[in-house]
Amino acid sequence: MLCGGTSAARPATDETQKIVEEVKPQLEEKEGKTFDVFTAVEFKTQVVAGTNYFIKVHVGNDEFVHLRVFRSLPHENQPLSLHSYQSSKTRHDELAFF
């Protein structure tokens, strides 16, 4: 992986699902609604001063959201942060930097 560039998209893992579950309340607060379905599908990473995760999440029916989650370096001991998100996505929308 090129430092600063994003990795190739790959299928979500158990770790990816744990990340989306941790930031789910942040998204629900921003959107003003709750999600009964919140399943990580695929993700990319970007190494910065920590790691950005770009994660495609199935939120029910044919609806998806793309999350950008920041994990700080371990010594900083900070919680995961929902940096930004894109709603109204489909299963086939490419997961890209935003």
# chains A, B, ... in the order shown; residues from 1 in each chain; ligands from 1

call {"tool": "residues_around", "arguments": {"residues": "Glu21 (chain A)", "least_positions_apart": "5", "cutoff": "12 Å", "atoms": "only C-alpha atoms", "output": "PDB file with N, CA, C and O atoms, in the first residue's frame"}}
result
ATOM      1  N   ASP A  14     -14.547  -9.231  10.348  1.00  0.00           N
ATOM      2  CA  ASP A  14     -15.130  -9.051  11.685  1.00  0.00           C
ATOM      3  C   ASP A  14     -14.673  -7.730  12.295  1.00  0.00           C
ATOM      4  O   ASP A  14     -15.449  -7.034  12.946  1.00  0.00           O
ATOM      5  N   GLU A  15     -13.400  -7.383  12.068  1.00  0.00           N
ATOM      6  CA  GLU A  15     -12.887  -6.113  12.591  1.00  0.00           C
ATOM      7  C   GLU A  15     -13.628  -4.930  11.970  1.00  0.00           C
ATOM      8  O   GLU A  15     -13.970  -3.971  12.661  1.00  0.00           O
ATOM      9  N   THR A  16     -13.885  -4.999  10.655  1.00  0.00           N
ATOM     10  CA  THR A  16     -14.608  -3.921   9.983  1.00  0.00           C
ATOM     11  C   THR A  16     -16.006  -3.771  10.574  1.00  0.00           C
ATOM     12  O   THR A  16     -16.475  -2.659  10.808  1.00  0.00           O
ATOM     13  N   GLN A  26     -22.947   7.517  16.147  1.00  0.00           N
ATOM     14  CA  GLN A  26     -22.567   8.827  15.602  1.00  0.00           C
ATOM     15  C   GLN A  26     -23.352   9.123  14.333  1.00  0.00           C
ATOM     16  O   GLN A  26     -23.837  10.239  14.134  1.00  0.00           O
ATOM     17  N   LEU A  27     -23.494   8.111  13.448  1.00  0.00           N
ATOM     18  CA  LEU A  27     -24.252   8.308  12.211  1.00  0.00           C
ATOM     19  C   LEU A  27     -25.734   8.488  12.514  1.00  0.00           C
ATOM     20  O   LEU A  27     -26.388   9.360  11.924  1.00  0.00           O
ATOM     21  N   GLU A  28     -26.259   7.690  13.424  1.00  0.00           N
ATOM     22  CA  GLU A  28     -27.682   7.804  13.758  1.00  0.00           C
ATOM     23  C   GLU A  28     -27.997   9.192  14.303  1.00  0.00           C
ATOM     24  O   GLU A  28     -29.042   9.769  13.985  1.00  0.00           O
ATOM     25  N   PHE A  35     -30.878   2.721  12.550  1.00  0.00           N
ATOM     26  CA  PHE A  35     -30.739   1.720  11.497  1.00  0.00           C
ATOM     27  C   PHE A  35     -30.878   0.336  12.104  1.00  0.00           C
ATOM     28  O   PHE A  35     -30.095  -0.038  12.980  1.00  0.00           O
ATOM     29  N   ASP A  36     -31.901  -0.410  11.669  1.00  0.00           N
ATOM     30  CA  ASP A  36     -32.085  -1.782  12.147  1.00  0.00           C
ATOM     31  C   ASP A  36     -31.047  -2.714  11.539  1.00  0.00           C
ATOM     32  O   ASP A  36     -30.626  -3.678  12.154  1.00  0.00           O
ATOM     33  N   VAL A  37     -30.675  -2.436  10.295  1.00  0.00           N
ATOM     34  CA  VAL A  37     -29.643  -3.197   9.595  1.00  0.00           C
ATOM     35  C   VAL A  37     -28.428  -2.290   9.465  1.00  0.00           C
ATOM     36  O   VAL A  37     -28.567  -1.123   9.081  1.00  0.00           O
ATOM     37  N   PHE A  38     -27.239  -2.810   9.792  1.00  0.00           N
ATOM     38  CA  PHE A  38     -26.015  -2.007   9.711  1.00  0.00           C
ATOM     39  C   PHE A  38     -24.860  -2.974   9.523  1.00  0.00           C
ATOM     40  O   PHE A  38     -24.147  -3.314  10.469  1.00  0.00           O
ATOM     41  N   THR A  39     -24.690  -3.441   8.289  1.00  0.00           N
ATOM     42  CA  THR A  39     -23.748  -4.508   7.986  1.00  0.00           C
ATOM     43  C   THR A  39     -22.646  -4.033   7.059  1.00  0.00           C
ATOM     44  O   THR A  39     -22.928  -3.607   5.930  1.00  0.00           O
ATOM     45  N   ALA A  40     -21.405  -4.110   7.504  1.00  0.00           N
ATOM     46  CA  ALA A  40     -20.262  -3.746   6.664  1.00  0.00           C
ATOM     47  C   ALA A  40     -20.174  -4.732   5.499  1.00  0.00           C
ATOM     48  O   ALA A  40     -20.294  -5.945   5.697  1.00  0.00           O
ATOM     49  N   ILE A  55     -15.784   2.620   4.356  1.00  0.00           N
ATOM     50  CA  ILE A  55     -16.542   1.392   4.531  1.00  0.00           C
ATOM     51  C   ILE A  55     -17.925   1.521   3.909  1.00  0.00           C
ATOM     52  O   ILE A  55     -18.659   2.477   4.193  1.00  0.00           O
ATOM     53  N   VAL A  57     -21.605   0.245   3.880  1.00  0.00           N
ATOM     54  CA  VAL A  57     -22.464  -0.387   4.884  1.00  0.00           C
ATOM     55  C   VAL A  57     -23.878  -0.541   4.332  1.00  0.00           C
ATOM     56  O   VAL A  57     -24.469   0.431   3.840  1.00  0.00           O
ATOM     57  N   VAL A  59     -27.678  -0.733   4.941  1.00  0.00           N
ATOM     58  CA  VAL A  59     -28.541  -0.227   6.006  1.00  0.00           C
ATOM     59  C   VAL A  59     -29.998  -0.655   5.823  1.00  0.00           C
ATOM     60  O   VAL A  59     -30.902  -0.085   6.413  1.00  0.00           O
ATOM     61  N   LEU A  67     -19.045   5.198   4.771  1.00  0.00           N
ATOM     62  CA  LEU A  67     -18.513   5.858   5.963  1.00  0.00           C
ATOM     63  C   LEU A  67     -17.022   6.114   5.811  1.00  0.00           C
ATOM     64  O   LEU A  67     -16.316   5.293   5.239  1.00  0.00           O
ATOM     65  N   VAL A  69     -14.175   6.581   8.491  1.00  0.00           N
ATOM     66  CA  VAL A  69     -13.926   6.471   9.925  1.00  0.00           C
ATOM     67  C   VAL A  69     -12.424   6.624  10.164  1.00  0.00           C
ATOM     68  O   VAL A  69     -11.611   6.010   9.470  1.00  0.00           O
ATOM     69  N   LEU A  80     -12.730   5.776  18.011  1.00  0.00           N
ATOM     70  CA  LEU A  80     -12.974   5.883  16.573  1.00  0.00           C
ATOM     71  C   LEU A  80     -13.857   7.093  16.311  1.00  0.00           C
ATOM     72  O   LEU A  80     -14.747   7.408  17.106  1.00  0.00           O
ATOM     73  N   SER A  81     -13.622   7.752  15.179  1.00  0.00           N
ATOM     74  CA  SER A  81     -14.381   8.953  14.857  1.00  0.00           C
ATOM     75  C   SER A  81     -14.987   8.830  13.465  1.00  0.00           C
ATOM     76  O   SER A  81     -14.278   8.528  12.500  1.00  0.00           O
ATOM     77  N   LEU A  82     -16.295   9.070  13.365  1.00  0.00           N
ATOM     78  CA  LEU A  82     -16.949   9.135  12.065  1.00  0.00           C
ATOM     79  C   LEU A  82     -16.594  10.483  11.461  1.00  0.00           C
ATOM     80  O   LEU A  82     -17.122  11.519  11.861  1.00  0.00           O
TER      81      LEU A  82
END

call {"tool": "closest_residue", "arguments": {"among": "A:His66, A:Lys89, A:Arg71, A:Lys33", "to": "Ala49 (chain A)", "atoms": "only C-alpha atoms"}}
result
A:Arg71

call {"tool": "atom_distance", "arguments": {"atom1": "CA of Asn52 (chain A)", "atom2": "CA of Thr34 (chain A)"}}
result
23.9 Å

call {"tool": "closest_residue", "arguments": {"among": "A:Thr51, A:Thr90, A:Gly60, A:Gly32", "to": "Ser72 (chain A)", "atoms": "only C-alpha atoms"}}
result
A:Thr51

call {"tool": "select_by_dssp", "arguments": {"residues": "chain A", "states": "strand (DSSP E or B)", "output": "PyMOL selection string"}}
result
chain A and resi 6+10-11+39-48+50-60+63-71+81-89

call {"tool": "select_by_dssp", "arguments": {"residues": "chain A", "states": "helix (DSSP H, G or I)", "output": "list in words"}}
result
Asp14, Glu15, Thr16, Gln17, Lys18, Ile19, Val20, Glu21, Glu22, Val23, Lys24, Pro25, Gln26, Leu27, Glu28, Glu29, Lys30, Glu31, Pro74, His75 and Glu76 of chain A
